[in-house]
$ cat data30.txt   # compact mmCIF, C-alpha atoms
# COMPACT_ATOMS: atom_id res chain seq x y z
CA MET P 1116 -9.95 15.51 -20.52
CA THR P 1117 -7.30 14.56 -23.05
CA LEU P 1118 -6.60 10.98 -24.02
CA ALA P 1119 -2.94 11.26 -25.03
CA PRO P 1120 -0.24 10.35 -22.51
CA SER P 1121 1.25 13.32 -20.75
CA SER P 1122 4.82 14.19 -21.65
CA VAL P 1123 5.56 16.57 -18.82
CA GLN P 1124 4.88 14.56 -15.69
CA GLY P 1125 8.52 14.06 -14.80
CA ARG P 1126 9.31 17.81 -14.99
CA VAL P 1127 6.54 19.09 -12.72
CA PRO P 1128 7.99 20.74 -9.59
CA LEU P 1129 6.45 19.15 -6.51
CA GLY P 1130 7.08 21.99 -4.04
CA ARG P 1131 7.80 22.49 -0.35
CA ASP P 1132 4.45 21.30 0.91
CA PHE P 1133 4.91 17.98 -0.82
CA GLY P 1134 8.33 17.85 0.86
CA LYS P 1135 6.62 18.02 4.26
CA LEU P 1136 4.23 15.25 3.30
CA TRP P 1137 7.11 13.18 1.94
CA THR P 1138 9.11 13.60 5.17
CA ALA P 1139 6.10 12.73 7.32
CA ALA P 1140 5.52 9.60 5.25
CA ALA P 1141 9.22 8.70 5.47
CA PHE P 1142 9.32 8.81 9.27
CA SER P 1143 6.05 6.91 9.50
CA ASN P 1144 7.55 4.29 7.22
CA LEU P 1145 10.60 4.12 9.49
CA ALA P 1146 8.40 3.27 12.44
CA ASP P 1147 6.23 0.90 10.39
CA GLY P 1148 9.26 -0.89 8.97
CA VAL P 1149 10.79 -1.49 12.37
CA GLY P 1150 7.48 -2.84 13.61
CA ARG P 1151 6.83 -5.03 10.58
CA THR P 1152 10.19 -6.71 11.08
CA ALA P 1153 10.19 -6.87 14.86
CA VAL P 1154 6.67 -8.16 15.50
CA PRO P 1155 6.95 -11.38 13.39
CA LEU P 1156 10.43 -12.00 14.80
CA ILE P 1157 9.12 -11.57 18.33
CA ALA P 1158 6.26 -13.92 17.41
CA THR P 1159 8.78 -16.61 16.43
CA THR P 1160 10.07 -16.56 20.02
CA LEU P 1161 6.55 -17.48 21.16
CA THR P 1162 5.62 -20.04 18.46
CA ARG P 1163 7.04 -21.70 15.31
CA ASP P 1164 3.66 -22.63 13.82
CA PRO P 1165 3.45 -21.26 10.23
CA VAL P 1166 -0.27 -20.56 10.64
CA ALA P 1167 0.28 -18.58 13.83
CA ILE P 1168 3.06 -16.55 12.20
CA ALA P 1169 0.86 -16.02 9.15
CA ALA P 1170 -1.92 -14.79 11.45
CA VAL P 1171 0.31 -11.93 12.62
CA GLY P 1172 0.72 -10.78 9.03
CA ALA P 1173 -2.91 -11.46 8.12
CA LEU P 1174 -4.32 -9.39 10.97
CA ALA P 1175 -2.46 -6.32 9.69
CA PHE P 1176 -4.92 -6.24 6.78
CA VAL P 1177 -8.12 -7.06 8.69
CA PRO P 1178 -8.78 -3.35 9.41
CA TRP P 1179 -8.90 -2.69 5.66
CA LEU P 1180 -11.81 -5.11 5.46
CA PHE P 1181 -13.85 -3.69 8.35
CA PHE P 1182 -12.46 -0.19 8.78
CA GLY P 1183 -11.48 0.83 5.23
CA LEU P 1184 -14.78 2.57 4.44
CA PRO P 1185 -15.16 4.27 7.86
CA ALA P 1186 -11.57 5.48 7.49
CA GLY P 1187 -12.46 6.92 4.07
CA MET P 1188 -15.46 8.70 5.57
CA ILE P 1189 -13.24 10.19 8.27
CA VAL P 1190 -10.69 11.34 5.70
CA ASP P 1191 -13.35 13.00 3.53
CA ARG P 1192 -15.21 14.69 6.40
CA PHE P 1193 -12.44 15.80 8.76
CA ASP P 1194 -9.19 17.70 8.48
CA ARG P 1195 -6.85 15.26 6.70
CA ARG P 1196 -3.82 16.75 8.44
CA ARG P 1197 -5.27 15.96 11.85
CA VAL P 1198 -6.31 12.51 10.72
CA MET P 1199 -2.68 11.70 9.82
CA ALA P 1200 -1.45 13.10 13.13
CA SER P 1201 -4.04 11.18 15.14
CA ALA P 1202 -3.22 7.93 13.34
CA ASN P 1203 0.41 8.23 14.40
CA VAL P 1204 -0.53 9.05 17.98
CA LEU P 1205 -2.52 5.80 18.01
CA ARG P 1206 0.27 3.71 16.52
CA GLY P 1207 2.94 5.25 18.74
CA GLY P 1208 0.90 4.53 21.84
CA VAL P 1209 0.45 0.88 20.89
CA ALA P 1210 4.19 0.51 20.25
CA VAL P 1211 4.93 1.88 23.73
CA ALA P 1212 2.44 -0.55 25.28
CA LEU P 1213 4.05 -3.51 23.52
CA ALA P 1214 7.48 -2.36 24.60
CA ALA P 1215 6.34 -2.15 28.21
CA LEU P 1216 4.83 -5.65 28.10
CA THR P 1217 8.01 -7.04 26.54
CA ALA P 1218 10.29 -5.29 29.03
CA THR P 1219 8.33 -6.64 31.99
CA GLY P 1220 8.18 -10.19 30.62
CA HIS P 1221 4.38 -10.22 30.28
CA LEU P 1222 4.15 -10.32 26.49
CA GLU P 1223 1.96 -13.07 25.03
CA LEU P 1224 1.05 -13.93 21.45
CA TRP P 1225 -2.43 -12.48 21.75
CA HIS P 1226 -0.91 -9.12 22.68
CA LEU P 1227 0.92 -9.11 19.35
CA LEU P 1228 -2.24 -10.07 17.49
CA VAL P 1229 -4.34 -7.32 19.06
CA ALA P 1230 -1.59 -4.74 18.58
CA THR P 1231 -1.29 -5.71 14.92
CA VAL P 1232 -4.98 -4.97 14.40
CA VAL P 1233 -4.65 -1.55 16.06
CA PHE P 1234 -1.55 -0.78 13.99
CA GLY P 1235 -3.64 -1.65 10.94
CA ILE P 1236 -6.40 0.75 11.97
CA GLY P 1237 -3.84 3.53 12.24
CA GLU P 1238 -2.46 2.58 8.83
CA THR P 1239 -5.87 2.78 7.16
CA LEU P 1240 -6.28 6.32 8.45
CA PHE P 1241 -2.77 7.56 7.67
CA ASP P 1242 -2.44 5.88 4.27
CA ASN P 1243 -5.90 6.93 3.11
CA ALA P 1244 -5.32 10.54 4.15
CA ASN P 1245 -1.83 10.58 2.64
CA ASN P 1246 -3.17 9.39 -0.73
CA ALA P 1247 -6.02 11.89 -0.63
CA VAL P 1248 -3.70 14.83 0.12
CA ILE P 1249 -1.24 14.28 -2.73
CA PRO P 1250 -3.40 15.71 -5.58
CA SER P 1251 -4.03 18.93 -3.63
CA LEU P 1252 -0.28 19.49 -3.21
CA VAL P 1253 1.16 18.59 -6.62
CA GLY P 1254 -1.63 18.79 -9.20
CA LYS P 1255 -2.67 15.94 -11.44
CA ALA P 1256 0.21 16.35 -13.91
CA GLY P 1257 2.69 15.50 -11.14
CA LEU P 1258 0.93 12.44 -9.76
CA ASP P 1259 3.15 9.72 -11.24
CA ARG P 1260 6.28 11.48 -10.00
CA ALA P 1261 4.82 12.22 -6.55
CA ASN P 1262 3.61 8.64 -6.07
CA SER P 1263 7.00 7.41 -7.23
CA ARG P 1264 8.80 9.52 -4.62
CA ILE P 1265 6.45 8.50 -1.82
CA GLN P 1266 6.86 4.83 -2.68
CA ALA P 1267 10.63 5.15 -3.15
CA ALA P 1268 10.91 6.71 0.30
CA GLN P 1269 8.79 3.96 1.80
CA ILE P 1270 10.92 1.24 0.25
CA THR P 1271 14.24 2.91 1.06
CA ILE P 1272 13.38 3.55 4.70
CA ASP P 1273 11.60 0.25 5.19
CA SER P 1274 14.11 -2.03 3.44
CA PHE P 1275 17.48 -0.32 3.84
CA VAL P 1276 17.10 1.40 7.19
CA ALA P 1277 14.22 0.10 9.30
CA GLN P 1278 14.39 -3.63 8.67
CA PRO P 1279 18.17 -4.08 9.01
CA ILE P 1280 18.13 -1.94 12.15
CA ALA P 1281 15.19 -3.90 13.53
CA GLY P 1282 16.96 -7.21 12.96
CA VAL P 1283 20.09 -6.02 14.75
CA LEU P 1284 18.12 -4.46 17.62
CA PHE P 1285 16.10 -7.66 17.95
CA ALA P 1286 19.33 -9.64 18.27
CA ILE P 1287 20.40 -7.31 21.11
CA SER P 1288 17.08 -7.16 22.92
CA LEU P 1289 13.45 -7.96 22.11
CA VAL P 1290 12.26 -4.59 23.35
CA LEU P 1291 14.64 -2.25 21.49
CA PRO P 1292 12.87 -2.32 18.08
CA LEU P 1293 9.60 -1.42 19.78
CA TRP P 1294 11.04 1.62 21.56
CA VAL P 1295 12.70 2.84 18.35
CA GLY P 1296 9.47 2.31 16.39
CA SER P 1297 7.39 4.27 18.87
CA ALA P 1298 9.80 7.22 18.66
CA GLY P 1299 9.58 7.20 14.86
CA TYR P 1300 5.93 8.28 14.93
CA LEU P 1301 6.62 11.60 16.67
CA ILE P 1302 7.99 13.75 13.82
CA PRO P 1303 5.16 12.93 11.35
CA ILE P 1304 2.63 14.22 13.87
CA VAL P 1305 4.20 17.69 13.74
CA LEU P 1306 4.79 17.69 9.98
CA ALA P 1307 1.23 16.62 9.19
CA LEU P 1308 -0.15 19.57 11.17
CA MET P 1309 2.21 21.93 9.28
CA LEU P 1310 0.69 21.12 5.89
CA PRO P 1311 -1.27 23.97 4.21
CA ILE P 1312 -5.01 24.40 4.58
CA SER P 1313 -5.45 23.06 1.02
CA ALA P 1314 -4.46 19.65 2.37
CA ALA P 1315 -7.23 19.66 4.96
CA SER P 1316 -9.94 18.59 2.53
CA ALA P 1317 -10.80 18.57 -1.15
CA LEU P 1318 -12.65 21.58 -2.52
CA ARG P 1319 -15.76 20.81 -4.57
CA ARG P 1320 -16.41 22.33 -7.97
CA ALA P 1321 -19.53 24.45 -8.14
CA ALA P 1322 -21.09 21.97 -10.57
CA PRO P 1323 -20.02 18.79 -12.28
CA ASP P 1324 -18.38 19.12 -15.68
CA ALA P 1325 -21.05 18.71 -18.33
CA ALA P 1326 -18.76 16.44 -20.28
CA PHE P 1327 -19.01 13.92 -17.46
CA ALA P 1328 -22.64 14.40 -16.48
CA SER P 1329 -23.85 10.96 -17.54
CA ASP P 1330 -23.92 8.10 -15.08
CA GLU P 1331 -23.23 5.81 -18.02
CA VAL P 1332 -19.71 7.10 -18.58
CA ALA P 1333 -17.52 4.06 -18.12
CA VAL P 1334 -14.69 3.96 -20.62
CA PRO P 1335 -11.04 4.76 -19.96
CA GLY P 1336 -10.30 8.46 -20.06
CA GLU P 1337 -13.75 9.48 -18.85
CA ARG P 1338 -14.71 10.35 -15.31
CA LEU P 1339 -18.03 10.11 -13.55
CA PRO P 1340 -19.01 13.14 -11.46
CA ALA P 1341 -19.64 13.15 -7.77
CA SER P 1342 -23.08 14.20 -6.60
CA ALA P 1343 -23.97 17.83 -7.26
CA ALA P 1344 -25.18 18.09 -3.68
CA ALA P 1345 -23.21 20.19 -1.24
CA ARG P 1346 -22.50 17.14 0.92
CA VAL P 1347 -21.70 13.86 -0.78
CA SER P 1348 -22.90 10.69 0.91
CA THR P 1349 -21.13 7.38 1.24
CA LYS P 1350 -23.83 5.94 -0.99
CA ASP P 1351 -22.75 8.39 -3.72
CA ALA P 1352 -19.16 7.14 -3.39
CA ALA P 1353 -20.26 3.51 -3.63
CA LEU P 1354 -22.48 4.23 -6.64
CA TYR P 1355 -19.65 6.12 -8.29
CA LEU P 1356 -17.40 3.07 -8.11
CA TRP P 1357 -20.17 0.68 -9.15
CA ARG P 1358 -21.14 2.74 -12.21
CA HIS P 1359 -17.58 3.32 -13.37
CA ARG P 1360 -17.20 0.00 -15.17
CA TYR P 1361 -13.52 0.50 -16.02
CA LEU P 1362 -12.45 1.39 -12.48
CA ARG P 1363 -14.64 -1.39 -11.10
CA ALA P 1364 -13.00 -3.95 -13.39
CA LEU P 1365 -9.54 -2.81 -12.30
CA VAL P 1366 -10.55 -3.21 -8.67
CA VAL P 1367 -11.63 -6.82 -9.32
CA PHE P 1368 -8.31 -7.52 -11.04
CA THR P 1369 -6.35 -5.87 -8.22
CA SER P 1370 -8.21 -7.99 -5.67
CA ILE P 1371 -7.13 -11.17 -7.44
CA LEU P 1372 -3.58 -9.91 -7.81
CA GLY P 1373 -3.26 -8.76 -4.21
CA GLY P 1374 -4.71 -11.99 -2.94
CA ALA P 1375 -2.12 -13.98 -4.89
CA PHE P 1376 0.74 -11.85 -3.50
CA SER P 1377 -0.54 -12.19 0.07
CA PHE P 1378 -0.94 -15.94 -0.37
CA ALA P 1379 2.67 -16.18 -1.55
CA GLN P 1380 4.15 -13.95 1.13
CA ALA P 1381 2.53 -15.72 4.09
CA PRO P 1382 5.53 -17.99 4.79
CA THR P 1383 8.25 -15.44 3.90
CA ILE P 1384 9.84 -15.16 7.35
CA LEU P 1385 9.92 -18.93 7.89
CA TYR P 1386 10.96 -19.50 4.26
CA PHE P 1387 14.14 -17.50 4.76
CA LEU P 1388 14.76 -18.69 8.33
CA GLU P 1389 14.22 -22.41 7.71
CA THR P 1390 14.39 -23.19 3.99
CA GLN P 1391 17.23 -20.78 3.18
CA GLY P 1392 18.94 -20.93 6.60
CA VAL P 1393 19.10 -17.19 7.37
CA ALA P 1394 19.89 -16.20 10.97
CA PRO P 1395 17.19 -14.04 12.65
CA ALA P 1396 19.61 -11.13 13.14
CA ALA P 1397 20.35 -11.10 9.40
CA ILE P 1398 16.76 -11.18 8.17
CA GLY P 1399 16.71 -7.40 7.78
CA PHE P 1400 19.71 -7.52 5.47
CA VAL P 1401 17.96 -10.15 3.34
CA THR P 1402 14.92 -7.90 3.00
CA ALA P 1403 17.25 -5.01 2.16
CA GLY P 1404 18.37 -6.96 -0.90
CA ILE P 1405 14.74 -7.50 -1.83
CA GLY P 1406 14.07 -3.82 -1.20
CA ALA P 1407 16.73 -2.88 -3.75
CA GLY P 1408 14.49 -4.30 -6.46
CA ALA P 1409 11.44 -2.50 -5.10
CA LEU P 1410 13.30 0.80 -4.90
CA LEU P 1411 14.55 0.51 -8.46
CA GLY P 1412 11.01 -0.21 -9.64
CA SER P 1413 9.70 2.92 -7.92
CA LEU P 1414 12.43 5.12 -9.39
CA VAL P 1415 12.10 3.95 -12.99
CA ALA P 1416 8.29 3.72 -13.08
CA PRO P 1417 7.57 7.37 -14.08
CA ALA P 1418 10.10 7.22 -16.94
CA LEU P 1419 8.72 3.90 -18.15
CA VAL P 1420 5.17 5.28 -18.03
CA ARG P 1421 6.22 8.27 -20.13
CA ARG P 1422 8.08 6.11 -22.63
CA SER P 1423 5.86 3.05 -22.98
CA GLY P 1424 2.49 4.15 -21.64
CA ARG P 1425 0.78 3.40 -18.35
CA GLY P 1426 -1.05 0.33 -19.66
CA ALA P 1427 2.02 -1.42 -21.05
CA VAL P 1428 3.87 -0.87 -17.77
CA MET P 1429 0.97 -2.25 -15.73
CA LEU P 1430 0.65 -5.37 -17.89
CA GLY P 1431 4.39 -6.02 -18.09
CA ALA P 1432 4.81 -5.55 -14.34
CA ASN P 1433 2.24 -8.21 -13.52
CA LEU P 1434 3.65 -10.75 -15.95
CA ALA P 1435 7.14 -10.16 -14.55
CA ALA P 1436 5.84 -10.51 -10.99
CA GLY P 1437 4.37 -13.92 -11.81
CA VAL P 1438 7.61 -15.18 -13.34
CA CYS P 1439 9.64 -13.98 -10.35
CA LEU P 1440 7.23 -15.59 -7.86
CA ALA P 1441 7.78 -18.90 -9.61
CA ALA P 1442 11.54 -18.36 -9.43
CA VAL P 1443 11.33 -17.80 -5.65
CA GLY P 1444 9.45 -21.08 -5.30
CA VAL P 1445 12.13 -23.10 -7.06
CA ALA P 1446 15.22 -21.15 -5.90
CA PRO P 1447 17.93 -23.67 -4.92
CA GLU P 1448 19.83 -21.40 -2.51
CA LEU P 1449 19.75 -18.02 -0.76
CA VAL P 1450 21.26 -15.73 -3.42
CA SER P 1451 18.93 -16.88 -6.19
CA ALA P 1452 15.96 -16.63 -3.80
CA ILE P 1453 16.84 -13.03 -2.93
CA VAL P 1454 17.37 -12.09 -6.59
CA ALA P 1455 14.02 -13.63 -7.59
CA TYR P 1456 12.23 -11.97 -4.67
CA ALA P 1457 13.87 -8.64 -5.57
CA GLY P 1458 12.58 -9.06 -9.13
CA MET P 1459 9.09 -9.62 -7.80
CA ALA P 1460 9.39 -6.51 -5.62
CA PHE P 1461 10.62 -4.53 -8.64
CA ALA P 1462 7.55 -5.58 -10.60
CA VAL P 1463 5.13 -4.79 -7.77
CA SER P 1464 6.60 -1.29 -7.47
CA LEU P 1465 6.22 -0.78 -11.22
CA TRP P 1466 2.53 -1.65 -10.82
CA ASN P 1467 1.89 0.43 -7.70
CA VAL P 1468 3.06 3.79 -9.09
CA PRO P 1469 0.81 4.00 -12.17
CA TRP P 1470 -2.09 2.30 -10.38
CA GLY P 1471 -1.95 4.86 -7.58
CA ALA P 1472 -1.75 7.77 -10.04
CA LEU P 1473 -4.59 6.31 -12.12
CA ARG P 1474 -6.92 6.25 -9.12
CA GLN P 1475 -6.05 9.84 -8.25
CA MET P 1476 -6.73 10.95 -11.84
CA ILE P 1477 -10.09 9.25 -12.12
CA ILE P 1478 -11.72 9.72 -8.69
CA PRO P 1479 -13.02 13.21 -7.74
CA GLY P 1480 -11.20 14.65 -4.75
CA ASP P 1481 -14.26 15.22 -2.56
CA ILE P 1482 -15.11 11.51 -2.51
CA PHE P 1483 -11.59 10.16 -2.91
CA GLY P 1484 -11.25 8.98 0.69
CA ARG P 1485 -14.45 6.96 0.64
CA VAL P 1486 -13.92 5.49 -2.81
CA LEU P 1487 -10.35 4.52 -1.87
CA GLY P 1488 -11.70 3.10 1.39
CA ILE P 1489 -14.16 0.93 -0.55
CA ILE P 1490 -11.48 -0.14 -3.01
CA ARG P 1491 -9.10 -1.16 -0.27
CA SER P 1492 -11.82 -2.85 1.74
CA LEU P 1493 -12.49 -5.00 -1.31
CA THR P 1494 -8.85 -5.59 -2.25
CA TRP P 1495 -6.83 -5.43 0.97
CA GLY P 1496 -9.74 -6.97 2.86
CA LEU P 1497 -9.01 -10.23 1.04
CA PHE P 1498 -5.38 -10.23 2.16
CA PRO P 1499 -6.02 -11.81 5.61
CA ILE P 1500 -7.93 -14.70 4.05
CA ALA P 1501 -5.28 -15.22 1.38
CA THR P 1502 -2.48 -14.98 3.93
CA MET P 1503 -4.05 -17.59 6.20
CA LEU P 1504 -4.60 -19.91 3.23
CA GLY P 1505 -0.95 -19.41 2.29
CA GLY P 1506 0.06 -20.31 5.84
CA LEU P 1507 -1.98 -23.52 5.67
CA VAL P 1508 -0.42 -24.51 2.33
CA ALA P 1509 3.04 -23.67 3.75
CA ARG P 1510 2.53 -26.42 6.32
CA VAL P 1511 2.88 -28.82 3.40
CA ASP P 1512 5.88 -27.04 1.86
CA LEU P 1513 7.17 -23.51 2.44
CA ARG P 1514 7.89 -23.16 -1.30
CA LEU P 1515 4.43 -24.17 -2.54
CA PRO P 1516 2.59 -20.84 -1.97
CA TYR P 1517 4.99 -19.04 -4.32
CA VAL P 1518 4.41 -21.51 -7.16
CA ILE P 1519 0.61 -21.38 -6.82
CA ALA P 1520 0.60 -17.56 -6.63
CA ALA P 1521 2.81 -17.37 -9.73
CA ALA P 1522 0.30 -19.35 -11.78
CA VAL P 1523 -2.63 -17.23 -10.58
CA THR P 1524 -0.78 -13.96 -11.29
CA ILE P 1525 0.26 -14.87 -14.83
CA ILE P 1526 -3.17 -16.23 -15.81
CA ALA P 1527 -4.95 -13.17 -14.36
CA ALA P 1528 -2.60 -10.73 -16.12
CA LEU P 1529 -3.07 -12.41 -19.50
CA ALA P 1530 -6.85 -12.49 -19.06
CA ALA P 1531 -6.88 -8.77 -18.16
CA ALA P 1532 -4.36 -7.65 -20.80
CA ARG P 1533 -6.85 -5.55 -22.75
CA LEU P 1534 -8.14 -3.92 -19.57
CA LEU P 1535 -4.63 -2.98 -18.43
CA LEU P 1536 -3.48 -1.67 -21.81
CA ALA P 1537 -6.49 0.65 -21.91
CA ALA P 1538 -5.01 2.56 -18.95
CA SER P 1539 -2.74 4.38 -21.41
CA ARG P 1540 -5.76 6.31 -22.66
CA VAL P 1541 -6.20 8.06 -19.30
CA SER P 1542 -4.23 11.27 -18.84
CA PRO P 1543 -4.21 13.98 -16.20
CA ASN P 1544 -6.78 16.77 -16.30
CA GLU P 1545 -4.75 19.97 -16.29
CA GLU P 1546 -5.94 22.13 -13.42
$ encode --input "data30.txt" --output "C-alpha cells"
Amino acid sequence: MTLAPSSVQGRVPLGRDFGKLWTAAAFSNLADGVGRTAVPLIATTLTRDPVAIAAVGALAFVPWLFFGLPAGMIVDRFDRRRVMASANVLRGGVAVALAALTATGHLELWHLLVATVVFGIGETLFDNANNAVIPSLVGKAGLDRANSRIQAAQITIDSFVAQPIAGVLFAISLVLPLWVGSAGYLIPIVLALMLPISAASALRRAAPDAAFASDEVAVPGERLPASAAARVSTKDAALYLWRHRYLRALVVFTSILGGAFSFAQAPTILYFLETQGVAPAAIGFVTAGIGAGALLGSLVAPALVRRSGRGAVMLGANLAAGVCLAAVGVAPELVSAIVAYAGMAFAVSLWNVPWGALRQMIIPGDIFGRVLGIIRSLTWGLFPIATMLGGLVARVDLRLPYVIAAAVTIIAALAAARLLLAASRVSPNEE
C-alpha cells in the first residue's frame, strides 16, 4: 500500500456496469425521495406535534440500529444483486399498501410509523449492498469518483426531481406521491439483476497479505486482514473493526457528528412550515434549493480531495457544517435560512464522498457488508435517539436544535482534527 495521495482518481473510467448500478441507485432514490417528502407531509395532516413528526423521521433509522448487522451478513453471504432487487420489492410493496390505505380513507399515524420502519429495513439492505458492490465494479483507484457520482445522483433526483414533484402531488392528492414512489422501485429491480457476476459477492484472496498480517496494525494507510479461513464469521468482522484503532476512532467521531445532524434536522419540516412560513406544496422547492448545495458538494469533492488531500477536506467540511448549522438557527427570513441550510448540505456532501471511499479502501471486500453493518448500527443507530431529543428541544423553540448541533459539530471537529487530517495518508491499493 502506498501512502501518497492518488493523482489519477478523477481519470479512471467507471464502465458500463457501474452505469447500471448508478441508474438503479438513481431510480431507487427517486422513489425514496418521493416517500421522504410525502410521508412527513401526510403525517402533518394527522398531527402537528413536533415529537410525533420527529418520530416519523427517527423511525427511518431504527432498522440501522437493530438490522444493520444482519443486513451486512446477508450482503456478505448472498448474491448482492438479488439483495438489492429484494429490498426494492419490499419497499415497493409497502408503498402500495400505504397508497391503498390512504385512498380508502383508513390511514392512521401508526400505519406511517410501521411503514417507515419497513422502508428503513429495505434501505439497510439496498444501501449496504450498493456500497459493497462499488469496489468490484470500478476498482479502488476510482472510488472517490464513483462515490461522488452515486451521491450526486441521489441528491439531484431527491432534491430537484422527487421532492418538488412530491410536494406538488401532495397538494393535488394525498395518495399520488405514494403511487409514484411505488412505481419508482420497479426499474432498479431489473437493473440490479443485470449486474455482472463479479457484483454478486467479493472474492477472497488466497491468503492475507504478509504486510498486513499483524492484528496490531492500526495506523492510517495500513489495513488489517480478514480471517484466513474460507468462511469469515461475523465475530471476525467485529474484531477487525475493534482492532483497527484508526477506523474505530473515525466511527466514534462519525457517531457524534451524525447524532448532531439528526438532532438538528428533527424539526426541519415544521421549521420551514411554521417559522419560515412555507406553504406545504412549496416545501419540495425549498429542499431543492438546499439540494443545490449538496449537489455542488458531491461534484467538487473528488477534485478537492486530489488538490488538498482527503484529510483536509474532511476536517474543513465538518467545520463548515457547524458554522452553517448555526446560521440556520439564527436565520431571520426564508432566503437566508435556505442559503445556510444549502451550505450545511454542501459540507455534508464534501464529508460523505471521502468518508465513503476511505471505508471502501480500508475494509476487505469479503467482510465489507458486515463491517459496514456494524459501523452503521453504531452511527445511524443513534439517529433515532438524537432525532427524538431534537424534537423535544424543538417544543421549546424550533430554532434551538440547530444552534446546539452547531456547537457540538464544531467542538467535535476541532477535537478530532489530527485524526481527520491523517486520512490523507491512506491511498488506494492498485489492483
$ closest_residue --input "data30.txt" --among "P:Gly1458, P:Gly1484, P:Gly1408, P:Pro1250" --to "Arg1195 in chain P" --atoms "all atoms listed in the file"
P:Gly1484
$ atom_distance --input "data30.txt" --atom1 "CA of Ser1143 in chain P" --atom2 "CA of Asn1245 in chain P"
11.1 Å
$ residues_around --input "data30.txt" --residues "range 1283-1286 of chain P" --least-positions-apart "5" --cutoff "12 Å" --atoms "only C-alpha atoms" --output "PyMOL selection string"
chain P and resi 1149-1150+1152-1160+1217+1276-1278+1291-1296+1394-1400
$ atom_distance --input "data30.txt" --atom1 "CA of Ala1531 in chain P" --atom2 "CA of Ala1375 in chain P"
15.0 Å
$ closest_residue --input "data30.txt" --among "P:Tyr1456, P:Ala1522, P:Thr1239, P:Leu1306" --to "Ile1405 in chain P" --atoms "only C-alpha atoms"
P:Tyr1456
$ axis_aligned_box --input "data30.txt" --around "range 1374-1385 of chain P" --padding-each-side "4 Å" --output "lines of an AutoDock Vina configuration file"
center_x = 2.6
center_y = -15.4
center_z = 1.5
size_x = 22.6
size_y = 15.1
size_z = 20.8
$ atom_distance --input "data30.txt" --atom1 "CA of Leu1414 in chain P" --atom2 "CA of Phe1376 in chain P"
21.4 Å
$ residues_around --input "data30.txt" --residues "range 1533-1537 of chain P" --least-positions-apart "5" --cutoff "7 Å" --atoms "only C-alpha atoms" --output "list in words"
Pro1335, Gly1426, Ala1427, Met1429 and Leu1430 of chain P
